[in-house]
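Below you'll find the structure, written out as structure tokens, and then a few comments.
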Amino acid sequence: MPYVPTRYFCLIVALVTIAIAFASRLATNDYFFFAGYVVLQYVVMATAWNILGGYTGYVNFGTAGFFAIGAYSAVVMHKLFEPPLIASIVVGGFMAGLVGLGMGYLTLRLRGVFFAIATLALAIVLQTLVTNWDFVGGARGVYIIRPETGPFGHPYIQYLFVLMLALSAVAICIARAIEHSKLGYGLATIRDDELAAEAAGVPTLRLKLIATVLSGALMGMAGAPLPYYVTYLDPSSGFNLAFAVNSIAMPLIGGTSSWLGPLIGAVLLATIQQIATVTISSALNLLIVGVIMVAFVTIAPNGILGLFERGVRARRRPAEKEAA
Amino acid sequence: MFGLLVNAIVAGLLLGGFYAAVSVGLALSFGMLDIANLAHPAFIILGSFIVYTLNIDFGVDPVVAGVLALPFFYVLGSAIYQIYYYSFERRGEEALRGLAFFFGILFITEVALILIFGVDYRFVTAPYIGPSLYIGNAELPLRMLVPFMVSIVMVGLLQLFLSKTFIGRAILAVSQDDLALKLMSIRPQRIKNIAFAISIATASLAGACLIIIQPVEPSIGRDYIGRVFAIVVLGGMGSFPGMLTAAMLIGVMESLTATFYGPSWSPAVAFGFLLLTLAIRPAGLMGR
Amino acid sequence: MSALLQVEKLGKRFGGFVALEGIDLEVTAGERVGLIGPNGSGKSTLVNCITGALRNESGTVHFDGKRLDRLPAHSRTRLGLARSFQLPKPFHSMTVAENLHVPALYTVNARHGQHLSPAQIDARVDEVLTQVGLHEKANRRPRDLTQIEMRKLELARAMTAEPKLLIADEAMAGLSHSEVDDILALLLRLNAQGVTVIMIEHIMRAVTSFSQRLVVLVAGRKIADGAPEEVVRNPEVVKAYIGE
């Protein structure tokens, strides 16, 4: 593939985003926006997970926790100030990034497996906190009244859809910019061999923290509009394990080596689930996601991208193999 | 106030004994073999539901049912290790994909149980569920005491097995150094397979203990993930005495928290301990 | 003349096991020092404590007038202390050339008053690759390299960091006679350019011909330090190391 400089890449993404936003005006049914929102939300989540998981090699099982921090930050903001949603998204991202920084600082000095375990436990503890916090509804949950229309007079769900679309574009641009930057190089050395990375002058702890904060903040931002989307939020739906499974399964199935993998994985898996929930039960739906994920990590460790590349390489001569 | 405190501590010790049953398998797999089996709590829930089925449909005593299910769990563990070894360990990819693999297994087990049994709480019946012993003011409910004893016996037998038998010592050796075993012409993955299978087998009895103590539904396994890893790390990874001490400590802390702040806070206790341990003393309480 | 590297009373234990005790070591700028000792004598532990892969519990390490032993490993590399690993640790998802970009970006460019442009980095990487003879493999992945090429990549990555002191940890283990000479020539050339070299080695022929001074570790203690021909005659060394 020819190399496209990051600024042109972002320009292309922006144009595609605007095109999709306008094309979506053709949709006559609100169901399209409800379903599209979920797919895009997973694009953000999968891309965010991959910044730490795919580029750096540190597994975050607490995606549901970071996501819920965003969602509950928005609830708090809504109850206190009723600010514009964009402000809540920024605050949600900030809070999730802050939690990522704190937990990362405590556990990222150790082997990756401890970080993974800590993230898993974090989601459970955050859920405990929220369950005991009456201001945000506690275990009973909280109702948020969704405004009729967005700031430009369109139905609110369309506004949510466009917001999530923009967030996806931002996430993809960030991921892609990292890939081709000095930071991206540094993160890859951490994934390959941390001791050698330090010996080559890479400040591994600092880079891991940057990746954790970026990734966590994007997840928090993806979670912030959730209360307005569902209108009723309780801890078990905010911290749903399905968020965690999906946002890990999607990059692993799509391929973790570049921004394209999580995008493919998210669009594919989330669309299938949106269609399947109508026809089969949501539990069976999730079982299928789990089985596909396990199958991919055991049989096709480089995901769909890896399968595709292998196919291309088989047709080309090996000498033409170039540095991606 | 004093009576409350004594009762809370006694209840905590009993709870801690049960936590040892839940954690002993992980002390073996994660502590000694370095396999971060995130799905361990899910296997325990699976154990609970198998015990539930045997108890409700065939009237088998829960503890006996747990013993009956041991061979099944042993075979299951052996099979999972085979997949893990060929797909991850041999390729040196256990870090990212191995973790994702176990996470997937955790999830699949949970959802499969939901599909089969639904999300309702299930419980078993046995003569020791209900009555209590009293020592002075302290109440010892038998539904806590029986799992406590099952757990201590199980941990003790495993400790004996590791220190007295040839295979047990080989497991200890593999946890120290693969190379030593290779020189003795024993294939490490053969020993690891046995050890991992045993670690999963403990989930059968731990599952029996769990469903004796409290009603079980498929997703409560998640509450145990932070807890079991906290106990194993706090206990110094591969050491059973350390694990037992850590289990008792966390049991007592949770019991005190539940008594004085309310039960909905206790899941946070283990996590607090885990983070503190990782931040301050990653070698664990008893670690060197 | 003051020492470039000064290790004083350095101690390191693993649990109850004392890996290093009271190690004193001085290395002068421009020197070629050989560090030898039987397996498990603590050579690699000493290297790891000096470079920051491990933290020493007691004693101090000074390098170029600065105290090192509380600094993370990457800061030590930036100060001019580079190492190669006993078991090569290439960045396997990158090409050979990209492997060398890492120290250029993160070490050379992180030093005060230096900033290489992308073109200068490419030129520098090219130069090092030519010097070690890996130029033709620049766009290959580490998994395509032979054993000796892997060792050369390990050294090349350390060289790209433009170190004042290079610690070569068994850079020749498992290589053939002529390959050993190849690496020796490379290290000698580097030393001639002004880089101080500490060589840890099992191959006595290589280490005695290379070193101006030999340091011997046995069971975590330094038992000899001096000219190679004296050290190899030292009865304690003969008993503990060569005689076994």
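Ligands are numbered from 1 in the order shown, chains are lettered A, B, ... in the order of the structure tokens, and residues start at 1 in each chain.
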Give me, as a VMD selection string, all polymer residues having an atom no more than 10 Å from Ser87 in chain B, counting only C-alpha atoms and skipping those fewer than 5 positions away in the same chain. (chain A and resid 297 to 301) or (chain B and resid 81 to 82 92 to 94 97 to 98 101)
Give me, as a VMD selection string, the residues of range 11-78 of chain C that a backbone DSSP run labels strand (DSSP E). chain C and resid 11 to 14 17 to 27 32 to 36 58 to 63 66 to 67
What residues in chain B lie within 7 Å of chain A, counting only C-alpha atoms, written as a list of chain:residue names? B:Ser87, B:Ala95, B:Leu96, B:Arg97, B:Phe101, B:Gly104, B:Phe107, B:Ile108, B:Val111, B:Ala112, B:Leu115, B:Asp223, B:Ile225, B:Gly226, B:Ser264, B:Trp265, B:Pro267, B:Ala268, B:Phe271, B:Leu278, B:Ala279
Atom-to-atom span, CA of Phe81 in chain A and CA of Arg140 in chain A, Å: 22.1 Å
I'd like the neighbourhood of range 72-76 of chain C as an MDAnalysis selection string, where a residue qualifies if any of its atoms comes within 9 Å (using only C-alpha atoms), though same-chain residues fewer than 4 positions away should be ignored. (chainID A and resid 195 197:204) or (chainID C and resid 50:54 63 68 80:82 106:107)
Would you please extract all alpha helix (DSSP H) residues from range 174-227 of chain C, as assigned by DSSP on the backbone, and give them as a JSON list (two decimals) with N, CA, C and O atoms, in the first residue's frame?
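Written out: selection-v2.json:
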[["chain", "number", "residue", "atom", "x", "y", "z"],
["C", 177, "HIS", "N", 34.39, -20.23, 14.61],
["C", 177, "HIS", "CA", 35.70, -19.60, 14.79],
["C", 177, "HIS", "C", 35.81, -18.30, 13.97],
["C", 177, "HIS", "O", 36.15, -17.23, 14.50],
["C", 178, "SER", "N", 35.47, -18.36, 12.71],
["C", 178, "SER", "CA", 35.63, -17.18, 11.86],
["C", 178, "SER", "C", 34.60, -16.11, 12.19],
["C", 178, "SER", "O", 34.86, -14.91, 12.10],
["C", 179, "GLU", "N", 33.42, -16.55, 12.63],
["C", 179, "GLU", "CA", 32.39, -15.58, 13.01],
["C", 179, "GLU", "C", 32.82, -14.82, 14.27],
["C", 179, "GLU", "O", 32.57, -13.62, 14.40],
["C", 180, "VAL", "N", 33.47, -15.55, 15.20],
["C", 180, "VAL", "CA", 33.98, -14.90, 16.40],
["C", 180, "VAL", "C", 34.97, -13.80, 16.01],
["C", 180, "VAL", "O", 34.91, -12.68, 16.51],
["C", 181, "ASP", "N", 35.87, -14.13, 15.06],
["C", 181, "ASP", "CA", 36.85, -13.14, 14.61],
["C", 181, "ASP", "C", 36.17, -11.92, 14.00],
["C", 181, "ASP", "O", 36.60, -10.79, 14.17],
["C", 182, "ASP", "N", 35.11, -12.19, 13.28],
["C", 182, "ASP", "CA", 34.32, -11.15, 12.64],
["C", 182, "ASP", "C", 33.81, -10.14, 13.69],
["C", 182, "ASP", "O", 33.97, -8.93, 13.56],
["C", 183, "ILE", "N", 33.19, -10.67, 14.75],
["C", 183, "ILE", "CA", 32.64, -9.82, 15.82],
["C", 183, "ILE", "C", 33.78, -9.11, 16.56],
["C", 183, "ILE", "O", 33.68, -7.92, 16.88],
["C", 184, "LEU", "N", 34.89, -9.86, 16.82],
["C", 184, "LEU", "CA", 36.04, -9.26, 17.51],
["C", 184, "LEU", "C", 36.55, -8.05, 16.76],
["C", 184, "LEU", "O", 36.79, -6.98, 17.35],
["C", 185, "ALA", "N", 36.70, -8.21, 15.44],
["C", 185, "ALA", "CA", 37.19, -7.11, 14.61],
["C", 185, "ALA", "C", 36.27, -5.90, 14.71],
["C", 185, "ALA", "O", 36.71, -4.75, 14.82],
["C", 186, "LEU", "N", 34.97, -6.19, 14.73],
["C", 186, "LEU", "CA", 33.97, -5.13, 14.83],
["C", 186, "LEU", "C", 34.12, -4.36, 16.14],
["C", 186, "LEU", "O", 34.14, -3.12, 16.17],
["C", 187, "LEU", "N", 34.27, -5.10, 17.24],
["C", 187, "LEU", "CA", 34.40, -4.45, 18.55],
["C", 187, "LEU", "C", 35.70, -3.66, 18.65],
["C", 187, "LEU", "O", 35.74, -2.58, 19.24],
["C", 188, "LEU", "N", 36.78, -4.21, 18.06],
["C", 188, "LEU", "CA", 38.06, -3.51, 18.08],
["C", 188, "LEU", "C", 37.97, -2.20, 17.30],
["C", 188, "LEU", "O", 38.49, -1.16, 17.72],
["C", 189, "ARG", "N", 37.30, -2.25, 16.15],
["C", 189, "ARG", "CA", 37.11, -1.04, 15.34],
["C", 189, "ARG", "C", 36.36, 0.02, 16.13],
["C", 189, "ARG", "O", 36.71, 1.20, 16.14],
["C", 190, "LEU", "N", 35.33, -0.44, 16.81],
["C", 190, "LEU", "CA", 34.51, 0.45, 17.61],
["C", 190, "LEU", "C", 35.34, 1.12, 18.70],
["C", 190, "LEU", "O", 35.26, 2.32, 18.94],
["C", 191, "ASN", "N", 36.18, 0.29, 19.35],
["C", 191, "ASN", "CA", 37.05, 0.80, 20.41],
["C", 191, "ASN", "C", 38.04, 1.81, 19.86],
["C", 191, "ASN", "O", 38.31, 2.84, 20.49],
["C", 192, "ALA", "N", 38.55, 1.54, 18.65],
["C", 192, "ALA", "CA", 39.48, 2.47, 18.01],
["C", 192, "ALA", "C", 38.82, 3.82, 17.75],
["C", 192, "ALA", "O", 39.47, 4.86, 17.74],
["C", 204, "MET", "N", 37.54, -18.04, 25.92],
["C", 204, "MET", "CA", 38.74, -17.45, 26.50],
["C", 204, "MET", "C", 39.65, -16.85, 25.44],
["C", 204, "MET", "O", 40.22, -15.78, 25.61],
["C", 205, "ARG", "N", 39.75, -17.55, 24.31],
["C", 205, "ARG", "CA", 40.61, -17.05, 23.24],
["C", 205, "ARG", "C", 40.19, -15.63, 22.85],
["C", 205, "ARG", "O", 41.03, -14.72, 22.73],
["C", 206, "ALA", "N", 38.89, -15.43, 22.70],
["C", 206, "ALA", "CA", 38.39, -14.13, 22.28],
["C", 206, "ALA", "C", 38.63, -13.08, 23.36],
["C", 206, "ALA", "O", 39.15, -11.99, 23.09],
["C", 207, "VAL", "N", 38.30, -13.42, 24.59],
["C", 207, "VAL", "CA", 38.31, -12.40, 25.63],
["C", 207, "VAL", "C", 39.74, -12.02, 26.01],
["C", 207, "VAL", "O", 40.04, -10.85, 26.28],
["C", 208, "THR", "N", 40.66, -12.98, 25.98],
["C", 208, "THR", "CA", 42.05, -12.63, 26.35],
["C", 208, "THR", "C", 42.72, -11.83, 25.24],
["C", 208, "THR", "O", 43.51, -10.94, 25.51],
["C", 209, "SER", "N", 42.39, -12.14, 23.97],
["C", 209, "SER", "CA", 43.02, -11.38, 22.90],
["C", 209, "SER", "C", 42.44, -9.98, 22.81],
["C", 209, "SER", "O", 43.11, -9.04, 22.41],
["C", 210, "PHE", "N", 41.20, -9.83, 23.22],
["C", 210, "PHE", "CA", 40.54, -8.53, 23.10],
["C", 210, "PHE", "C", 40.89, -7.58, 24.25],
["C", 210, "PHE", "O", 41.13, -6.39, 24.06]]
Can you pull out the residues contacting range 41-49 of chain C? Cut-off 8 Å, using only C-alpha atoms, and skip same-chain residues under 3 positions away; I want them as an NGL selection string. :C and (19-20 or 35-38 or 52-56 or 69 or 167 or 169 or 200 or 217-221)
Tell me which protein, DNA and RNA residues are within 12 Å of Phe33 in chain A, counting only C-alpha atoms, leaving out same-chain ones fewer than 4 positions away, and put them as a list in words.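 So, after excluding close chain neighbours, the residues are Ile20, Ala21, Ala23, Ser24, Arg25, Leu26, Ala27, Thr28, Asn29, Tyr37, Val38, Val39, Leu40, Gln41, Pro155, Tyr156, Ile157, Gln158, Tyr159, Leu160, Phe161, Val162, Leu163, Met164, Leu165, Tyr229 and Gln274 of chain A.
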Produce a table with one row for each residue of chain C that has an atom at most 12 Å from any atom of chain B, each row naming the nearest atom pair and its distance in Å at one decimal; use only C-alpha atoms; arrange rows by chain and rising residue number; format as JSON lines.
{"residue": "C:Arg13", "atom": "CA", "partner": "B:Arg288", "partner_atom": "CA", "distance": 10.3}
{"residue": "C:Phe14", "atom": "CA", "partner": "B:Arg288", "partner_atom": "CA", "distance": 8.1}
{"residue": "C:Gly15", "atom": "CA", "partner": "B:Arg288", "partner_atom": "CA", "distance": 5.0}
{"residue": "C:Gly16", "atom": "CA", "partner": "B:Arg288", "partner_atom": "CA", "distance": 7.5}
{"residue": "C:Phe17", "atom": "CA", "partner": "B:Arg288", "partner_atom": "CA", "distance": 10.3}
